[in-house]
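Text of the file model32.cif, holding mmCIF, C-alpha atoms and all ligand atoms:
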data_start
loop_
_atom_site.group_PDB
_atom_site.id
_atom_site.type_symbol
_atom_site.label_atom_id
_atom_site.label_comp_id
_atom_site.auth_asym_id
_atom_site.auth_seq_id
_atom_site.Cartn_x
_atom_site.Cartn_y
_atom_site.Cartn_z
ATOM 1 C CA MET A 746 -22.912 83.098 172.582
ATOM 2 C CA THR A 747 -22.222 85.972 174.973
ATOM 3 C CA PRO A 748 -22.190 89.299 173.093
ATOM 4 C CA THR A 749 -18.937 91.209 172.679
ATOM 5 C CA PRO A 750 -18.695 95.001 173.227
ATOM 6 C CA GLN A 751 -18.438 95.565 169.464
ATOM 7 C CA ASP A 752 -21.707 93.907 168.541
ATOM 8 C CA ALA A 753 -23.513 94.350 171.853
ATOM 9 C CA PRO A 754 -26.564 96.590 172.140
ATOM 10 C CA ARG A 755 -25.838 99.873 173.950
ATOM 11 C CA ASP A 756 -27.407 98.685 177.237
ATOM 12 C CA VAL A 757 -24.872 95.820 177.555
ATOM 13 C CA THR A 758 -21.811 96.957 179.536
ATOM 14 C CA PRO A 759 -18.364 95.345 179.175
ATOM 15 C CA TYR A 760 -18.919 93.806 182.625
ATOM 16 C CA GLN A 761 -21.661 91.634 181.116
ATOM 17 C CA THR A 762 -19.398 90.087 178.477
ATOM 18 C CA SER A 763 -17.390 86.926 178.964
ATOM 19 C CA SER A 764 -14.355 88.272 177.058
ATOM 20 C CA PHE A 765 -13.989 91.114 179.611
ATOM 21 C CA TRP A 766 -13.910 88.689 182.559
ATOM 22 C CA ILE A 767 -11.586 86.226 180.770
ATOM 23 C CA SER A 768 -9.161 89.083 179.924
ATOM 24 C CA LEU A 769 -9.272 90.404 183.493
ATOM 25 C CA ALA A 770 -8.726 86.898 184.924
ATOM 26 C CA LEU A 771 -5.727 86.403 182.592
ATOM 27 C CA PHE A 772 -4.295 89.767 183.619
ATOM 28 C CA ILE A 773 -4.656 89.030 187.373
ATOM 29 C CA THR A 774 -3.202 85.512 186.860
ATOM 30 C CA THR A 775 -0.211 87.082 185.101
ATOM 31 C CA ALA A 776 0.415 89.419 188.049
ATOM 32 C CA LEU A 777 0.093 86.547 190.569
ATOM 33 C CA LEU A 778 2.399 84.259 188.554
ATOM 34 C CA SER A 779 5.008 87.042 188.220
ATOM 35 C CA PHE A 780 4.984 87.788 191.960
ATOM 36 C CA GLY A 781 4.972 84.042 192.696
ATOM 37 C CA LYS A 782 8.011 83.544 190.493
ATOM 38 C CA ALA A 783 9.799 86.597 191.908
ATOM 39 C CA TYR A 784 9.098 85.675 195.575
ATOM 40 C CA ARG A 785 9.730 81.945 194.934
ATOM 41 C CA TRP A 786 6.255 80.686 195.856
ATOM 42 C CA PHE A 787 7.022 78.063 193.164
ATOM 43 C CA ASP A 788 10.030 77.222 191.060
ATOM 44 C CA ILE A 789 10.041 76.771 187.296
ATOM 45 C CA ARG A 790 13.805 77.037 186.899
ATOM 46 C CA PHE A 791 14.620 74.045 184.703
ATOM 47 C CA ARG A 792 16.258 73.720 181.303
ATOM 48 C CA ILE A 793 14.782 72.642 177.992
ATOM 49 C CA GLY A 794 17.759 72.018 175.738
ATOM 50 C CA ASN A 795 20.352 74.731 176.276
ATOM 51 C CA TYR A 796 18.006 77.325 177.779
ATOM 52 C CA PHE A 797 15.932 77.846 180.916
ATOM 53 C CA VAL A 798 12.167 77.555 180.491
ATOM 54 C CA THR A 799 11.646 81.287 181.189
ATOM 55 C CA HIS A 800 13.972 82.070 178.262
ATOM 56 C CA TRP A 801 11.808 79.906 175.951
ATOM 57 C CA LEU A 802 8.660 81.609 177.278
ATOM 58 C CA ALA A 803 10.184 85.005 176.361
ATOM 59 C CA TRP A 804 10.850 83.723 172.841
ATOM 60 C CA ILE A 805 7.324 82.269 172.416
ATOM 61 C CA GLY A 806 5.620 85.475 173.648
ATOM 62 C CA THR A 807 7.853 87.719 171.563
ATOM 63 C CA VAL A 808 7.507 85.670 168.363
ATOM 64 C CA PHE A 809 3.700 85.518 168.701
ATOM 65 C CA ILE A 810 3.426 89.318 169.093
ATOM 66 C CA ALA A 811 5.996 90.070 166.390
ATOM 67 C CA VAL A 812 4.337 87.760 163.820
ATOM 68 C CA TYR A 813 0.622 88.041 164.656
ATOM 69 C CA THR A 814 0.507 91.877 164.787
ATOM 70 C CA PRO A 815 1.321 92.496 161.082
ATOM 71 C CA LEU A 816 -0.712 89.399 160.149
ATOM 72 C CA TYR A 817 -3.747 90.825 161.971
ATOM 73 C CA TYR A 818 -3.257 94.200 160.269
ATOM 74 C CA VAL A 819 -3.273 92.642 156.778
ATOM 75 C CA VAL A 820 -5.877 89.874 157.223
ATOM 76 C CA LYS A 821 -8.310 92.242 158.977
ATOM 77 C CA ARG A 822 -8.438 94.389 155.821
ATOM 78 C CA ARG A 823 -8.471 91.533 153.292
ATOM 79 C CA ARG A 824 -10.906 89.270 155.172
ATOM 80 C CA PRO A 825 -13.172 91.525 157.303
ATOM 81 C CA ARG A 826 -15.527 88.560 157.866
ATOM 82 C CA TRP A 827 -12.823 86.873 159.971
ATOM 83 C CA MET A 828 -12.895 89.656 162.590
ATOM 84 C CA LYS A 829 -14.788 87.473 165.093
ATOM 85 C CA THR A 830 -11.756 85.159 165.195
ATOM 86 C CA LEU A 831 -9.046 87.755 164.618
ATOM 87 C CA ILE A 832 -9.963 90.066 167.529
ATOM 88 C CA PRO A 833 -10.131 87.394 170.296
ATOM 89 C CA THR A 834 -6.874 85.883 168.990
ATOM 90 C CA HIS A 835 -5.330 89.373 169.136
ATOM 91 C CA MET A 836 -6.563 90.018 172.682
ATOM 92 C CA PHE A 837 -6.064 86.646 174.342
ATOM 93 C CA GLY A 838 -2.944 85.741 172.337
ATOM 94 C CA ASN A 839 -1.281 89.014 173.329
ATOM 95 C CA ILE A 840 -2.317 88.799 176.983
ATOM 96 C CA ILE A 841 -0.970 85.219 177.198
ATOM 97 C CA SER A 842 2.252 86.345 175.450
ATOM 98 C CA PHE A 843 2.489 89.155 178.017
ATOM 99 C CA ALA A 844 2.129 86.530 180.792
ATOM 100 C CA PHE A 845 4.972 84.463 179.281
ATOM 101 C CA ILE A 846 7.184 87.554 178.974
ATOM 102 C CA SER A 847 6.380 88.516 182.587
ATOM 103 C CA MET A 848 7.851 85.174 183.729
ATOM 104 C CA HIS A 849 11.089 86.139 181.953
ATOM 105 C CA LEU A 850 10.996 89.583 183.597
ATOM 106 C CA ALA A 851 10.454 88.053 187.071
ATOM 107 C CA GLN A 852 13.317 85.616 186.438
ATOM 108 C CA GLN A 853 15.688 88.372 185.311
ATOM 109 C CA LEU A 854 14.869 90.831 188.104
ATOM 110 C CA THR A 855 15.427 88.217 190.822
ATOM 111 C CA ARG A 856 18.753 86.836 189.581
ATOM 112 C CA PRO A 857 21.301 86.041 192.320
ATOM 113 C CA ALA A 858 23.273 89.063 193.595
ATOM 114 C CA GLN A 859 26.482 87.612 192.079
ATOM 115 C CA PHE A 860 24.949 87.744 188.554
ATOM 116 C CA PRO A 861 22.774 90.881 188.494
ATOM 117 C CA PRO A 862 20.975 91.728 185.232
ATOM 118 C CA ASP A 863 22.264 94.680 183.231
ATOM 119 C CA LEU A 864 18.994 96.671 183.398
ATOM 120 C CA GLY A 865 18.200 98.653 180.257
ATOM 121 C CA THR A 866 16.333 97.636 177.091
ATOM 122 C CA GLY A 867 14.396 94.902 178.932
ATOM 123 C CA VAL A 868 12.859 97.371 181.371
ATOM 124 C CA ALA A 869 11.952 99.741 178.497
ATOM 125 C CA LEU A 870 10.352 96.792 176.673
ATOM 126 C CA PHE A 871 8.304 95.815 179.683
ATOM 127 C CA ILE A 872 6.926 99.363 179.997
ATOM 128 C CA VAL A 873 6.017 99.194 176.291
ATOM 129 C CA MET A 874 4.267 95.828 176.804
ATOM 130 C CA LEU A 875 2.318 97.083 179.811
ATOM 131 C CA THR A 876 1.213 100.181 177.871
ATOM 132 C CA LEU A 877 0.063 97.981 174.975
ATOM 133 C CA VAL A 878 -1.968 95.691 177.207
ATOM 134 C CA ILE A 879 -3.561 98.549 179.193
ATOM 135 C CA THR A 880 -4.425 100.693 176.145
ATOM 136 C CA GLY A 881 -5.687 97.582 174.305
ATOM 137 C CA PHE A 882 -7.867 96.690 177.279
ATOM 138 C CA LEU A 883 -9.233 100.244 177.626
ATOM 139 C CA HIS A 884 -9.894 100.474 173.880
ATOM 140 C CA ARG A 885 -11.656 97.135 173.679
ATOM 141 C CA PHE A 886 -13.876 97.500 176.712
ATOM 142 C CA ARG A 887 -14.342 101.305 176.833
ATOM 143 C CA ILE A 888 -14.018 101.238 180.643
ATOM 144 C CA ILE A 889 -13.255 104.971 180.956
ATOM 145 C CA ALA A 890 -16.154 106.730 179.296
ATOM 146 C CA SER A 891 -14.285 110.062 178.994
ATOM 147 C CA LEU A 892 -11.296 108.490 177.188
ATOM 148 C CA VAL A 893 -11.305 109.561 173.518
ATOM 149 C CA PRO A 894 -11.228 106.199 171.628
ATOM 150 C CA HIS A 895 -9.215 107.335 168.597
ATOM 151 C CA GLN A 896 -6.533 108.982 170.787
ATOM 152 C CA ASN A 897 -6.190 105.843 172.898
ATOM 153 C CA ARG A 898 -6.078 103.748 169.691
ATOM 154 C CA PHE A 899 -3.370 106.055 168.327
ATOM 155 C CA LEU A 900 -1.283 105.466 171.471
ATOM 156 C CA HIS A 901 -1.906 101.698 171.250
ATOM 157 C CA ILE A 902 -0.728 101.536 167.638
ATOM 158 C CA SER A 903 2.215 103.963 167.951
ATOM 159 C CA VAL A 904 3.662 102.124 170.973
ATOM 160 C CA THR A 905 3.725 99.015 168.754
ATOM 161 C CA SER A 906 6.636 100.551 166.767
ATOM 162 C CA ALA A 907 8.561 101.021 170.029
ATOM 163 C CA PHE A 908 8.115 97.280 170.661
ATOM 164 C CA TYR A 909 9.718 96.371 167.311
ATOM 165 C CA ILE A 910 12.625 98.823 167.656
ATOM 166 C CA VAL A 911 13.546 97.918 171.244
ATOM 167 C CA ILE A 912 13.036 94.135 170.922
ATOM 168 C CA ILE A 913 15.590 93.970 168.089
ATOM 169 C CA ILE A 914 18.208 95.729 170.234
ATOM 170 C CA HIS A 915 17.296 93.608 173.281
ATOM 171 C CA ILE A 916 17.646 90.335 171.327
ATOM 172 C CA LEU A 917 20.952 91.434 169.766
ATOM 173 C CA GLN A 918 22.221 92.250 173.287
ATOM 174 C CA GLY A 919 20.781 88.975 174.632
ATOM 175 C CA ILE A 920 22.556 86.822 172.039
ATOM 176 C CA GLY A 921 25.755 88.819 172.516
ATOM 177 C CA THR A 922 25.871 90.500 169.075
ATOM 178 C CA LEU A 923 25.746 94.044 170.528
HETATM 179 C C1 LIG B 1001 8.969 91.881 175.257
HETATM 180 C C2 LIG B 1001 9.840 90.917 175.502
HETATM 181 C C3 LIG B 1001 10.923 90.970 176.573
HETATM 182 C C4 LIG B 1001 10.994 91.696 177.746
HETATM 183 C C5 LIG B 1001 9.972 92.664 178.336
HETATM 184 C C6 LIG B 1001 12.269 91.378 178.376
HETATM 185 C C7 LIG B 1001 12.701 91.884 179.592
HETATM 186 C C8 LIG B 1001 13.974 91.688 180.119
HETATM 187 C C9 LIG B 1001 14.517 92.359 181.297
HETATM 188 C C10 LIG B 1001 13.765 93.359 182.174
HETATM 189 C C11 LIG B 1001 15.786 91.931 181.461
HETATM 190 C C12 LIG B 1001 16.779 92.414 182.537
HETATM 191 C C13 LIG B 1001 17.895 93.234 181.843
HETATM 192 C C14 LIG B 1001 17.402 94.431 181.086
HETATM 193 O O1 LIG B 1001 16.689 95.294 181.647
HETATM 194 O O2 LIG B 1001 17.689 94.534 179.878
HETATM 195 C C15 LIG B 1001 16.066 90.977 180.405
HETATM 196 C C16 LIG B 1001 17.256 90.319 180.240
HETATM 197 C C17 LIG B 1001 17.507 89.403 179.258
HETATM 198 N N1 LIG B 1001 16.670 89.054 178.219
HETATM 199 FE FE1 LIG B 1001 14.820 89.754 177.907
HETATM 200 N N2 LIG B 1001 12.934 90.474 177.576
HETATM 201 C C18 LIG B 1001 12.140 90.186 176.473
HETATM 202 C C19 LIG B 1001 12.410 89.322 175.436
HETATM 203 C C20 LIG B 1001 13.591 88.603 175.316
HETATM 204 C C21 LIG B 1001 13.908 87.714 174.241
HETATM 205 C C22 LIG B 1001 13.016 87.366 173.044
HETATM 206 C C23 LIG B 1001 15.149 87.224 174.481
HETATM 207 C C24 LIG B 1001 15.888 86.255 173.600
HETATM 208 C C25 LIG B 1001 17.136 86.451 173.232
HETATM 209 C C26 LIG B 1001 15.633 87.809 175.719
HETATM 210 C C27 LIG B 1001 16.848 87.562 176.305
HETATM 211 C C28 LIG B 1001 17.337 88.136 177.438
HETATM 212 C C29 LIG B 1001 18.656 87.869 178.003
HETATM 213 C C30 LIG B 1001 19.714 86.912 177.461
HETATM 214 C C31 LIG B 1001 18.757 88.659 179.151
HETATM 215 C C32 LIG B 1001 19.937 88.746 180.117
HETATM 216 C C33 LIG B 1001 20.759 89.985 179.791
HETATM 217 C C34 LIG B 1001 21.880 90.176 180.790
HETATM 218 O O3 LIG B 1001 22.928 89.609 180.568
HETATM 219 O O4 LIG B 1001 21.661 90.875 181.793
HETATM 220 N N3 LIG B 1001 14.647 88.647 176.196
HETATM 221 N N4 LIG B 1001 14.938 90.853 179.600
HETATM 222 C C1 LIG B 1002 0.610 93.293 173.602
HETATM 223 C C2 LIG B 1002 0.784 93.476 172.334
HETATM 224 C C3 LIG B 1002 -0.162 94.197 171.394
HETATM 225 C C4 LIG B 1002 0.200 94.742 170.196
HETATM 226 C C5 LIG B 1002 1.618 94.762 169.608
HETATM 227 C C6 LIG B 1002 -0.988 95.317 169.608
HETATM 228 C C7 LIG B 1002 -1.017 95.967 168.389
HETATM 229 C C8 LIG B 1002 -2.141 96.461 167.757
HETATM 230 C C9 LIG B 1002 -2.183 97.090 166.460
HETATM 231 C C10 LIG B 1002 -0.974 97.367 165.566
HETATM 232 C C11 LIG B 1002 -3.467 97.411 166.202
HETATM 233 C C12 LIG B 1002 -4.010 98.126 164.944
HETATM 234 C C13 LIG B 1002 -4.516 97.106 163.979
HETATM 235 C C14 LIG B 1002 -5.179 97.754 162.786
HETATM 236 O O1 LIG B 1002 -5.560 98.906 162.791
HETATM 237 O O2 LIG B 1002 -5.326 97.067 161.795
HETATM 238 C C15 LIG B 1002 -4.257 96.999 167.333
HETATM 239 C C16 LIG B 1002 -5.618 97.168 167.451
HETATM 240 C C17 LIG B 1002 -6.338 96.801 168.541
HETATM 241 N N1 LIG B 1002 -5.897 96.137 169.669
HETATM 242 FE FE1 LIG B 1002 -3.990 95.619 170.059
HETATM 243 N N2 LIG B 1002 -2.063 95.096 170.445
HETATM 244 C C18 LIG B 1002 -1.616 94.416 171.558
HETATM 245 C C19 LIG B 1002 -2.369 94.003 172.641
HETATM 246 C C20 LIG B 1002 -3.736 94.181 172.759
HETATM 247 C C21 LIG B 1002 -4.548 93.729 173.873
HETATM 248 C C22 LIG B 1002 -3.997 92.947 175.082
HETATM 249 C C23 LIG B 1002 -5.836 94.101 173.606
HETATM 250 C C24 LIG B 1002 -7.105 93.922 174.410
HETATM 251 C C25 LIG B 1002 -7.213 93.383 175.598
HETATM 252 C C26 LIG B 1002 -5.846 94.781 172.330
HETATM 253 C C27 LIG B 1002 -6.945 95.311 171.718
HETATM 254 C C28 LIG B 1002 -6.957 95.942 170.504
HETATM 255 C C29 LIG B 1002 -8.156 96.503 169.895
HETATM 256 C C30 LIG B 1002 -9.548 96.505 170.494
HETATM 257 C C31 LIG B 1002 -7.751 97.038 168.674
HETATM 258 C C32 LIG B 1002 -8.640 97.789 167.665
HETATM 259 C C33 LIG B 1002 -9.260 96.772 166.801
HETATM 260 C C34 LIG B 1002 -9.391 97.334 165.444
HETATM 261 O O3 LIG B 1002 -9.922 98.429 165.280
HETATM 262 O O4 LIG B 1002 -8.935 96.628 164.533
HETATM 263 N N3 LIG B 1002 -4.559 94.814 171.847
HETATM 264 N N4 LIG B 1002 -3.426 96.406 168.268
#
Have the structure of the file written as structure tokens, please.
Amino acid sequence: MTPTPQDAPRDVTPYQTSSFWISLALFITTALLSFGKAYRWFDIRFRIGNYFVTHWLAWIGTVFIAVYTPLYYVVKRRRPRWMKTLIPTHMFGNIISFAFISMHLAQQLTRPAQFPPDLGTGVALFIVMLTLVITGFLHRFRIIASLVPHQNRFLHISVTSAFYIVIIIHILQGIGTL
């Protein structure tokens, strides 16, 4: 199996690991899909039940992040031997969730001029998500040698609380409770 940065010898750079290239490919695919959705290169505007597919994607991405993050925190400490499964699930699961949420963002930002979105919590949430993905990526692959790992990790973890606070308000606004 291709070595990961954590267990790789010092002469193996992140660029020689498969998880780096898979993460990068997922990230670039997310950007292309978001632009494609926003500029209507393709159309995925259909309903499943009462909601549009992009609305379901937002729910799936949000629920995965909201549930897996505390699960990872607890299981990592109770079952350290499972780290080889927990870390890739954390990385790839969160990047894929970010891709799903980006479809919702693209859908919302390109709504018809007669029904413009009420920009606010959603934009704040997207900035939080982007910060999480970038700091997670930098922490995992140590791309910037001068970046102090524990400071970057601190930022990664502290921004997680912003996700929980803002998503609750965003959902309450979305379902019309606030
Ligand atoms: C991290 C996850 C999410 C992000 C980044 C996000 C982002 C956005 C953005 C940028 C908007 C445009 C309006 C605004 O800025 O507030 C929006 C609107 C909306 N979002 Fe989300 N969203 C997320 C999750 C969800 C979830 C889980 C729901 C489920 C209820 C949801 C429901 C809605 C609804 C109903 C609107 C339309 C609000 C309006 O009337 O303008 N979003 N979202
Ligand atoms: C997008 C949502 C994300 C959230 C909410 C999130 C949250 C967290 C949290 C709370 C921790 C601390 C866990 C602990 O100390 O037990 C953590 C650690 C970490 N995350 Fe993320 N993360 C996200 C995305 C990512 C991504 C996309 C990557 C990599 C590409 C990543 C890589 C890491 C790494 C390498 C650690 C340190 C591993 C460790 O020491 O346990 N994260 N993350």
Problem - Contacts with ligand LIG 1001 (chain B) at most 9 Å, all atoms listed in the file counted, listed as an NGL selection string - result: :A and (800-808 or 810 or 842-843 or 845-847 or 849-854 or 860-875 or 908 or 911-913 or 915-921)
Exercise for the section: Report the distance between atom CA of Phe809 of chain A and atom CA of Ile879 of chain A in Å, rounded to one decimal place. Expected result: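 Between atom CA of Phe809 of chain A and atom CA of Ile879 of chain A the gap works out to 18.2 Å.
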Expected axis-aligned box over every listed atom of segment 892-910 of chain A, 4 Å added per side, centre plus edges in Å to one decimal, as JSON:
{"center_x": 0.7, "center_y": 103.0, "center_z": 172.0, "size_x": 31.9, "size_y": 21.2, "size_z": 18.4}
Problem - Between atom CA of Ala907 of chain A and atom CA of Leu923 of chain A - distance in Å to one decimal - result: 18.6 Å
Practice task
Write as a PyMOL selection string the residues around ligand LIG 1002 (chain B), taking 6 Å as the cut-off and counting all atoms listed in the file.
Solution key: chain A and resi 810+814+818+836+839-840+874+877-878+881-882+884-885+902+905
Problem - Result set, the PyMOL selection byres (((chain A and resi 766-772) around 10) and not hetatm) on current file, as a PyMOL selection string - result: chain A and resi 759-765+773-778+833+836-837+840-841+843-844+878-879+882
Problem - Residue neighbourhood Val820 of chain A, 12 Å, all atoms listed in the file, exclusion window fewer than 5 positions, as a PyMOL selection string - result: chain A and resi 813-815+825-828+830-832+835
Completion exercise
Between atom CA of Ile910 of chain A and atom CA of Tyr796 of chain A lies a distance of 24.4 Å
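Among the candidate residues A:Thr855, A:Thr880, A:Ser779, A:Asn795, the one lying nearest to Leu900 of chain A is A:Thr880, with distances computed using only C-alpha atoms.
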Problem - Pick from A:Arg824, A:Met848, A:Val819, A:Gln896 nearest to Ala783 of chain A, counting all atoms listed in the file - result: A:Met848
